[in-house]
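Novice: First the structure, which I've put down as structure tokens, then a few questions once you've had a look.
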Amino acid sequence: MSSRLDAARPETAPAGTSRFRPAVHFTARDTWLNDPNGLVFYDGLYHLFFQNNPYGNVWGNMSWGHATSRDLLHWTEHPVAIACDETEDIFSGSVVVDHGNTSGFGTANEPALVAIYTSAYKAAAEHSGTQAQSLAYSTDAGMTWRKYEGNPVLTRNSANFRDPKVFRYQGDQGACWVMVAVEAQHQKVVFYRSEDLKSWEFLSEFGPANADAGEWECPDLFPLAVNGDPDNIKWVLIVNINPGAVAGGSGGQYFIGHFDGARFLPDAGSLAAPAGLAALPDPQAGSAALQQCLWLDWGRDCYASVSFSNAPDDRRIIIGWMNNWDYANELPTAPWRSSMTLAREVRLTAVNGSARLIQQPVLTELCAGEELPTAKDQMNADTFELRSSALRLPDAVPGSAQIIETEILPGSAERLDFRLFGSSDGSEGTILSYNTTSAQLILDRRQSGNTCFHGKFASVESAPVDLENGVLKLLIVVDHCSVEVFVQGGKVVLTDLIFPETENPENWLSVEGGSATILKLAVSALT
Ligand code: FRU
């Protein structure tokens with residue numbers, strides 16, 4: 001296997017050039033990736049560092065790969081940023097812009113970018129068998145990195161202390177750095193503070209709470225204004241969990257609450273089970289108990305989501321790893337394996353009096369909102385009825401990369417079914433259904449194409465979705481090997497990988513048991 005450590009090779013990842021390679025979701029050119037790391041915006045560029053095996057396309061030799069983008073859709077891959085060595089693997093972490101030069105790594109005028117990562121120590125290391133937090137820094141806007149000679153900067157003599165996310169906290173007493181990390185096997189988020197990123201003081205811990213049947217990993221903590229009201233700030237604590245997520249295997253949950261600079265206090269409304277679900281009768285995938293937790297994504301393939309630091313205009317943008325540890329190493333792609341989700345802007349909105357996250361994919365400029373011409377001509381109206389029949393959606397572009405926007409009044413219909421990536425004989429397809437009786441949105445990939453590469457891949461996911469003024473609003477993004485569904489303006493999101501076998505995929509919409517009114521149906525290209 002060739003190595004991406006060879007800086008002489010071309011830097012641009014060839015998006016869309018091999019079977020299943022997505023058009024706009026980031027993939028490494030010819031190697032393995034997992035978690036997004038060190039998401040940071042600096043000097044006009046979004047930097048995506050990521051867990052990478054520079055020597056192969058399964059997990060191992062963990063290092064930080066690197067890519068940059070100006071629009072969060074088209075990425076350029078760069079040489080490995082922080083490489084593993086004989087003493088340590090470089091596990092997940094974050095990057096901050098040290099504007100005040102608190103670390104002394106930069107200057108007052110030219111701040112350093114500082115990476116806070118987990119050293120997963122190997123047998124040859126002094127701290128062998130433990131995970132501790134370390135620093136690396138860049139004084140050339142993120143392109144090259146040097147490890148700090150005083151590493152590690154924070155250790156607990158623990159084998160599972162990892163995934164530091166650091167941010168600048170501005171409190172009444174002034175500003176400081178705050179780190180959130182995990183004691184993964186104890187289902188705890190741990191909080192520390194620092195003046196200079198080098199010396200850390202313990203503050204508090206949170207957990208277990210809500211979903212706790214697996215390891216807690218990759219936490220994040222940030223404030224957001226509810227409905228944009230600056231007088232109503234809430235804190236969002238993201239906690240990824242593997243296994244034990246709502247759809248089975250890996251997934252991301254979140255809590256809403258208050259952070260006072262030392263301690264996170266969850267709102268009662270964001271807790272299904274204050275001491276963790278393990279105490280409840282049925283913490284199984286899809287169970288009522290798990291459905292009561294707050295989930296970033298209800299599909300199988302969105303994990304390790306964390307947010308950008310230093311993003312412009314105070315935007316809060318997250319990216320997840322579009323995969324699931326249940327089968328991650330066996331996805332049928334080569335030479336690359338695994339991709340990121342779309343970048344998603346998150347906001348808080350009040351739902352029945354409680355703050356909830358909404359997510360919008362960062363592709364607004366691509367949503368042309370072009371109405372479906374054939375259907376409109378056919379009906380000669382802005383809206384049209386669909387009754388016990390199927391409607392073929394036009395392909396915005398050949399090659400299965402498109403955005404479908406729709407608003408539907410299910411009316412008397414019992415079910416609406418989208419068949420995505422369908423074969424012309426109807427035998428293959430990914431079915432996205434809304435069941436009006438159970439008020440569940442269901443994503444079924446059992447007939448989506450190649451599902452047999454792993455016993456846990458064929459699956460059906462569901463999420464509770466209430467109609468709003470009788471309307472179901474969907475934004476569906478398909479990109480060669482994935483389906484991401486943003487429901488009711490992003491209140492619910494479902495992400496699933498698929499590996500279609502059909503050569504000429506078709507997308508269909510059909511209605512069962514009554515008639516539905518299509519208020520909007522628009523398809524645009526994803527390029
Ligand atoms: C999450 C994770 C992290 C760890 C990294 C190792 O997917 O297990 O907890 O830092 O992956 O690659």
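How things are named: the first chain in the structure tokens is A, the next is B, and so on; residues count from 1 in each chain; ligands count from 1 in the order shown.
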Could you list, as a VMD selection string, all the residues within 10 Å of ligand 1, counting only C-alpha atoms and all ligand atoms?
Specialist: chain A and resid 33 to 37 50 to 53 59 to 64 89 to 93 117 to 120 131 160 to 164 181 to 184 215 to 219 240 to 242 250 to 251 303 to 305 321 323 to 325
Novice: Residues at most 6 Å from A:Asn507, counting only C-alpha atoms, excluding those fewer than 3 positions away in the same chain, as a list in words?
Specialist: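 Once the nearby chain positions are removed, what remains is Leu393, Arg419, Leu420, Phe421 and Gly422 of chain A.
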Novice: So what do you get for atom CA of A:Tyr121 versus atom CA of A:Glu88, distance-wise?
Specialist: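 Between atom CA of A:Tyr121 and atom CA of A:Glu88 the gap works out to 4.4 Å.
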Novice: From a DSSP calculation on the backbone, collect every residue of stretch 244-384 of chain A in alpha helix (DSSP H) and output the set as a list in words.
Specialist: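 Alpha helix (DSSP H) members of stretch 244-384 of chain A, listed: Ala288, Ala289, Leu290, Gln291, Pro373, Thr374, Ala375, Lys376, Asp377, Gln378 and Met379 of chain A.
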Novice: Quick one: of A:Gly150, A:Pro500, A:Gly276, A:Gly129, who's nearest to A:Arg445, counting only C-alpha atoms?
Specialist: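 Answer, going by the shortest atom-to-atom distance: A:Pro500.
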Novice: Give the strand (DSSP E) residues of stretch 105-276 of chain A, as assigned by DSSP on the backbone, as a count of residues only.
Specialist: 87
Novice: With a distance cut-off of 7 Å and only C-alpha atoms, select the neighbouring residues of stretch 460-474 of chain A, excluding the residue or stretch itself and same-chain residues fewer than 6 positions from it, and output the selection as a ChimeraX atom specification.
Specialist: /A:247,298-299,405-410,439-445,485-489
Novice: Given the choices A:Ile82, A:Val58, A:Leu497, A:Val478, which gets closest to A:Ser524 if the distance is worked out from only C-alpha atoms?
Specialist: A:Val478
Novice: Here is a test: counting only C-alpha atoms, which residue of A:Ile233, A:Val346, A:Val80, A:Ala334 is nearest to A:Gln359?
Specialist: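 Among A:Ile233, A:Val346, A:Val80, A:Ala334, it is A:Val346 that comes nearest to A:Gln359.
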Novice: Considering only C-alpha atoms, state which residue in the set A:Asp71, A:Asp326, A:Glu195, A:Glu414 is at the smallest distance from A:Gly514.
Specialist: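 Comparing A:Asp71, A:Asp326, A:Glu195, A:Glu414 against A:Gly514, the winner is A:Glu414.
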Novice: Taking into account only C-alpha atoms, which residue in the set A:His74, A:Lys147, A:Arg316, A:Lys520 is nearest to A:Leu363?
Specialist: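 Of A:His74, A:Lys147, A:Arg316, A:Lys520, the one nearest A:Leu363, counting only C-alpha atoms, is A:His74.
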Novice: If we count only C-alpha atoms, what is near A:Leu357 at a cut-off of 9 Å, once residues fewer than 2 positions away on the same chain are taken out, given as a PyMOL selection string?
Specialist: chain A and resi 236+254+256+294+296+346-350+355+359+490-492
Novice: Which one is closest to A:Met322: A:Gly252, A:Gly286, A:Gly38, A:Gly261? Count only C-alpha atoms.
Specialist: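 Looking only at the distances to A:Met322, the closest residue turns out to be A:Gly252.
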Novice: Near A:Gly171, counting only C-alpha atoms, which residues have an atom at most 12 Å away, once you skip same-chain residues fewer than 5 positions from it, shown as a list in words?
Specialist: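 So the residues in contact are Cys176, Trp177, Val178, Phe259, Asp260, Gly261 and Ala262 of chain A.
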Novice: Can you tell me how far atom CA of A:Ser354 sits from atom CA of A:Gly269, in Å to one decimal?
Specialist: 6.6 Å
